[in-house]
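Asker: Okay, handing you the structure first.
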Amino acid sequence: MRFRLILQTPDPHPVIPVNYQYPLSAAIYKIIQRSDDEYAAFLHDKGYRQAGSLKSFKLFTFSDLRTSFRIQGDRFRLLNGQAELVICFHLPEAAEHFIKGLFQSQQMDVADKKSRVTFTIVQVESLPLPLTQDSMQELLLRPLSPVVCGRKNEKGNYDFLPPEHPEFVRLLLNNWKEKYKTVYGTEDTDAAFDGAAMEVVFYKNPRRSRLITIKAGMPEETRIRGFVNFRLKVHGQKAALELLLNSGAGIYNSLGMGCVCTEDKH
């Protein structure tokens with residue numbers, strides 16, 4: 001399920017970190033925790049895990065903040081008091097009203113040691129999934145936040161690959177398949193991904209790279225690189241496409257990476 005949140009702040013000079021993804025993720029977890037501590041702990045600490053596997057997935061993502069801003073050093077100075085955020089969860093439809101009500105009128109602080117902005121969520125809109133009843137479908141997807149594709153090197157760290165890299169699509173497709181397997185099991189996954197395909201599409205504007213610092217200034221500081229300004233043409237079963245839209249493409253989804261929408265609309 002997918003939602004558009006409209007955020008407002010009365011702060012006349014709102015300033016947030018350039019690397020706001022981790023503080024924003026923490027603010028979202030806090031909102032969930034106020035109403036459902038068990039689900040918040042599950043998302044934060046465990047996630048969905050295959051039996052016998054150490055790998056887990058949160059199946060949750062969110063977009064970049066959409067607002068007017070000016071970059072000043074390591075800060076975003078917002079040019080008005082309103083921002084828009086798309087947030088996605090892979091949950092049963094029956095949970096939609098609960099999640100929608102959970103965010104309505106809540107406050108979220110986007111802050112680090114240097115600056116803080118308190119937003120109020122003034123509107124929560126459910127976004128319908130752009131899927132038909134056909135079993136196999138094709139979608140053209142646009143990143144609403146950087147897509148991060150990582151390949152482990154000999155040191156056990158990620159090498160971050162650009163969309164034109166020959167391994168980019170294979171790794172994204174494998175990640176998508178592993179997420180599905182975690183939720184629905186191996187047998188269902190083999191059937192669901194029979195005929196599934198993914199292709200990178202470029203337009204006139206070149207793809208752009210963005211380096212994001214997670215937990216900036218902390219001992220656990222990590223830098224990841226994601227890419228925008230391209231499209232993913234995906235072909236697959238309805239249930240698999242729904243999972244991709246709800247949980248994001250690539251890795252680090254729960255930190256606001258890989259949120260996608262269909263072209264020209266959320």
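Convention: chains lettered A, B, ... in structure tokens order; per-chain residue numbering from 1; ligands numbered from 1 as shown.
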Can you list, as a list in words, every protein, DNA or RNA residue that comes within 12 Å of Leu172 of chain A when you count only C-alpha atoms, leaving out same-chain residues fewer than 5 positions away?

Answerer: Val147, Val148, Cys149, Gly150, Arg151, Phe160, Leu161, Pro162, Pro163, His165, Pro166, Glu167, Lys177, Glu178, Lys179, Ala197, Met198, Glu199, Val200, Leu232, Val234, Leu244, Gly248, Ala249, Gly250, Ile251 and Gly258 of chain A

Asker: Which segment 119-198 of chain A residues have any atom within 8 Å of an atom of segment 8-17 of chain A, and for each, what is the nearest pair of atoms with distance in Å to one decimal, counting only C-alpha atoms, rows sorted by chain and number, as JSON lines?

Answerer:
```
{"residue": "A:Phe119", "atom": "CA", "partner": "A:Thr9", "partner_atom": "CA", "distance": 4.7}
{"residue": "A:Thr120", "atom": "CA", "partner": "A:Gln8", "partner_atom": "CA", "distance": 5.3}
{"residue": "A:Ile121", "atom": "CA", "partner": "A:Gln8", "partner_atom": "CA", "distance": 6.5}
{"residue": "A:Val122", "atom": "CA", "partner": "A:Gln8", "partner_atom": "CA", "distance": 6.8}
```

Asker: Can those selected residues be exported to a file as a tab-separated table (two decimals), in the first residue's frame so that it contains N, CA and C atoms?

Answerer:
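Below is the file result31.tsv, written as the result:
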```tsv
chain	number	residue	atom	x	y	z
A	119	PHE	N	7.58	18.80	11.50
A	119	PHE	CA	6.50	18.82	10.51
A	119	PHE	C	5.24	18.23	11.12
A	120	THR	N	4.10	18.74	10.72
A	120	THR	CA	2.81	18.12	11.02
A	120	THR	C	2.27	17.52	9.73
A	121	ILE	N	1.78	16.30	9.83
A	121	ILE	CA	1.19	15.64	8.65
A	121	ILE	C	-0.25	16.13	8.54
A	122	VAL	N	-0.50	16.99	7.57
A	122	VAL	CA	-1.82	17.63	7.45
A	122	VAL	C	-2.74	16.87	6.50
```

Asker: Would you mind reading off the distance between atom CA of Glu96 of chain A and atom CA of Trp176 of chain A, one decimal, in Å?

Answerer: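 Interatomic distance here is 22.9 Å.
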
Asker: Just want the 12 Å neighbourhood of Gln133 of chain A, counted on only C-alpha atoms, with same-chain residues fewer than 2 positions away dropped. Output as a PyMOL selection string.

Answerer: chain A and resi 129-131+135-137+237-239+241-242

Asker: Among segment 32-158 of chain A, which residues does DSSP mark as strand (DSSP E or B) when it is run on the backbone? Keep the chain and numbering as in the structure and answer as a ChimeraX atom specification.

Answerer: /A:48-49,56-57,60-62,66,69-72,75-78,82-89,107-111,116-127,136-143,147,150-152,158

Asker: How about saving the chosen residues, C-alpha atoms kept, as a compact mmCIF listing (two decimals), in the first residue's frame?

Answerer:
```txt
# COMPACT_ATOMS: atom_id res chain seq x y z
CA TYR A 48 10.82 -10.47 6.91
CA ARG A 49 13.21 -13.40 6.87
CA SER A 56 15.91 -10.06 6.01
CA PHE A 57 13.84 -7.40 4.25
CA PHE A 60 8.95 -0.62 3.44
CA THR A 61 10.29 2.46 1.67
CA PHE A 62 9.70 6.17 1.13
CA ARG A 66 9.47 16.98 -2.53
CA PHE A 69 15.01 24.23 -1.23
CA ARG A 70 18.43 25.82 -1.48
CA ILE A 71 21.60 23.91 -0.59
CA GLN A 72 23.80 25.66 1.97
CA ARG A 75 21.97 21.81 4.94
CA PHE A 76 18.81 22.09 2.88
CA ARG A 77 17.19 25.48 3.52
CA LEU A 78 13.52 24.95 2.65
CA GLN A 82 5.36 22.49 2.95
CA ALA A 83 6.75 19.20 1.69
CA GLU A 84 5.37 16.03 0.14
CA LEU A 85 6.40 12.45 0.88
CA VAL A 86 5.35 9.12 -0.62
CA ILE A 87 5.55 6.20 1.82
CA CYS A 88 5.02 2.53 0.97
CA PHE A 89 4.40 -0.68 2.95
CA GLN A 107 4.18 15.25 14.06
CA MET A 108 7.58 14.19 12.77
CA ASP A 109 10.94 15.71 13.64
CA VAL A 110 13.62 15.71 10.96
CA ALA A 111 16.73 16.55 12.94
CA ARG A 116 15.60 20.42 13.61
CA VAL A 117 12.32 20.90 11.80
CA THR A 118 9.01 19.67 13.22
CA PHE A 119 6.50 18.82 10.51
CA THR A 120 2.81 18.12 11.02
CA ILE A 121 1.19 15.64 8.65
CA VAL A 122 -1.82 17.63 7.45
CA GLN A 123 -3.04 15.20 4.78
CA VAL A 124 -2.76 11.47 4.10
CA GLU A 125 -3.90 10.23 0.70
CA SER A 126 -4.08 6.58 -0.34
CA LEU A 127 -2.46 5.99 -3.73
CA MET A 136 1.29 -10.60 -16.61
CA GLN A 137 1.77 -6.84 -16.93
CA GLU A 138 4.39 -4.32 -17.98
CA LEU A 139 5.16 -1.08 -16.13
CA LEU A 140 7.53 1.80 -16.76
CA LEU A 141 8.85 2.89 -13.36
CA ARG A 142 10.48 6.18 -12.33
CA PRO A 143 12.62 6.44 -9.17
CA VAL A 147 18.02 3.33 -6.54
CA GLY A 150 25.26 -3.11 -4.51
CA ARG A 151 27.61 -5.97 -5.33
CA LYS A 152 29.70 -7.37 -2.47
CA TYR A 158 29.33 -3.05 -1.41
```

Asker: So that I can check the surroundings of Arg225 of chain A, please list as a list in words every protein, DNA and RNA residue that reaches within 8 Å of it, counting only C-alpha atoms and ignoring chain neighbours fewer than 6 positions away.

Answerer: Pro146, Val148, Phe160, Ser209, Arg210, Leu211 and Ile212 of chain A

Asker: Can you pull out the residues contacting Leu255 of chain A? Cut-off 10 Å, using only C-alpha atoms, and skip same-chain residues under 2 positions away; I want them as a ChimeraX atom specification.

Answerer: /A:20-26,58,60-63,214,251-253,257-258

Asker: For those residues, write N, CA and C atoms to a file as a CSV table (one decimal), in the first residue's frame.

Answerer:
```
chain,number,residue,atom,x,y,z
A,20,TYR,N,19.2,13.8,5.0
A,20,TYR,CA,18.0,13.7,5.9
A,20,TYR,C,17.4,12.3,5.9
A,21,GLN,N,17.9,11.4,5.1
A,21,GLN,CA,17.2,10.1,5.0
A,21,GLN,C,17.1,9.3,6.3
A,22,TYR,N,18.2,9.2,7.0
A,22,TYR,CA,18.2,8.5,8.3
A,22,TYR,C,17.3,9.2,9.3
A,23,PRO,N,17.4,10.5,9.5
A,23,PRO,CA,16.5,11.1,10.5
A,23,PRO,C,15.1,11.0,10.1
A,24,LEU,N,14.8,11.0,8.8
A,24,LEU,CA,13.4,10.9,8.4
A,24,LEU,C,12.9,9.5,8.6
A,25,SER,N,13.7,8.5,8.4
A,25,SER,CA,13.4,7.1,8.6
A,25,SER,C,13.1,6.9,10.1
A,26,ALA,N,13.9,7.5,11.0
A,26,ALA,CA,13.7,7.4,12.4
A,26,ALA,C,12.4,8.0,12.8
A,58,LYS,N,12.8,-5.4,5.0
A,58,LYS,CA,11.8,-4.6,5.8
A,58,LYS,C,10.5,-4.4,5.0
A,60,PHE,N,9.5,-2.0,3.1
A,60,PHE,CA,9.0,-0.6,3.4
A,60,PHE,C,9.9,0.4,2.8
A,61,THR,N,9.4,1.4,2.2
A,61,THR,CA,10.3,2.5,1.7
A,61,THR,C,9.6,3.8,1.6
A,62,PHE,N,10.3,4.9,1.3
A,62,PHE,CA,9.7,6.2,1.1
A,62,PHE,C,10.5,7.0,0.1
A,63,SER,N,9.9,8.0,-0.4
A,63,SER,CA,10.5,8.8,-1.4
A,63,SER,C,11.4,9.9,-0.9
A,214,ILE,N,24.6,7.9,5.7
A,214,ILE,CA,23.7,7.4,6.7
A,214,ILE,C,24.4,7.5,8.1
A,251,ILE,N,18.5,-2.0,-2.8
A,251,ILE,CA,18.8,-2.2,-1.4
A,251,ILE,C,18.6,-0.9,-0.6
A,252,TYR,N,18.7,-1.0,0.7
A,252,TYR,CA,18.5,0.2,1.6
A,252,TYR,C,17.1,0.8,1.5
A,253,ASN,N,16.1,0.0,1.2
A,253,ASN,CA,14.8,0.6,1.0
A,253,ASN,C,14.2,1.3,2.2
A,257,MET,N,15.5,4.5,0.0
A,257,MET,CA,16.1,4.3,-1.3
A,257,MET,C,15.2,3.4,-2.1
A,258,GLY,N,15.2,3.6,-3.4
A,258,GLY,CA,14.5,2.8,-4.4
A,258,GLY,C,13.0,2.9,-4.4
```

Asker: In terms of the shortest atom-to-atom distance over only C-alpha atoms, which of A:Asp74, A:Asp159, A:Asp36, A:Asp194 is closest to Ile224 of chain A?

Answerer: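 Closest candidate: A:Asp159.
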
Asker: Going by DSSP on the backbone, which bits of segment 48-266 of chain A are helix (DSSP H, G or I)? Write them as number ranges by chain, please.

Answerer: A: 93-103, 168-184, 186-192, 238-247, 253-255

Asker: Interatomic distance between atom CA of Leu91 of chain A and atom CA of Thr182 of chain A?

Answerer: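 Between atom CA of Leu91 of chain A and atom CA of Thr182 of chain A the gap works out to 13.6 Å.
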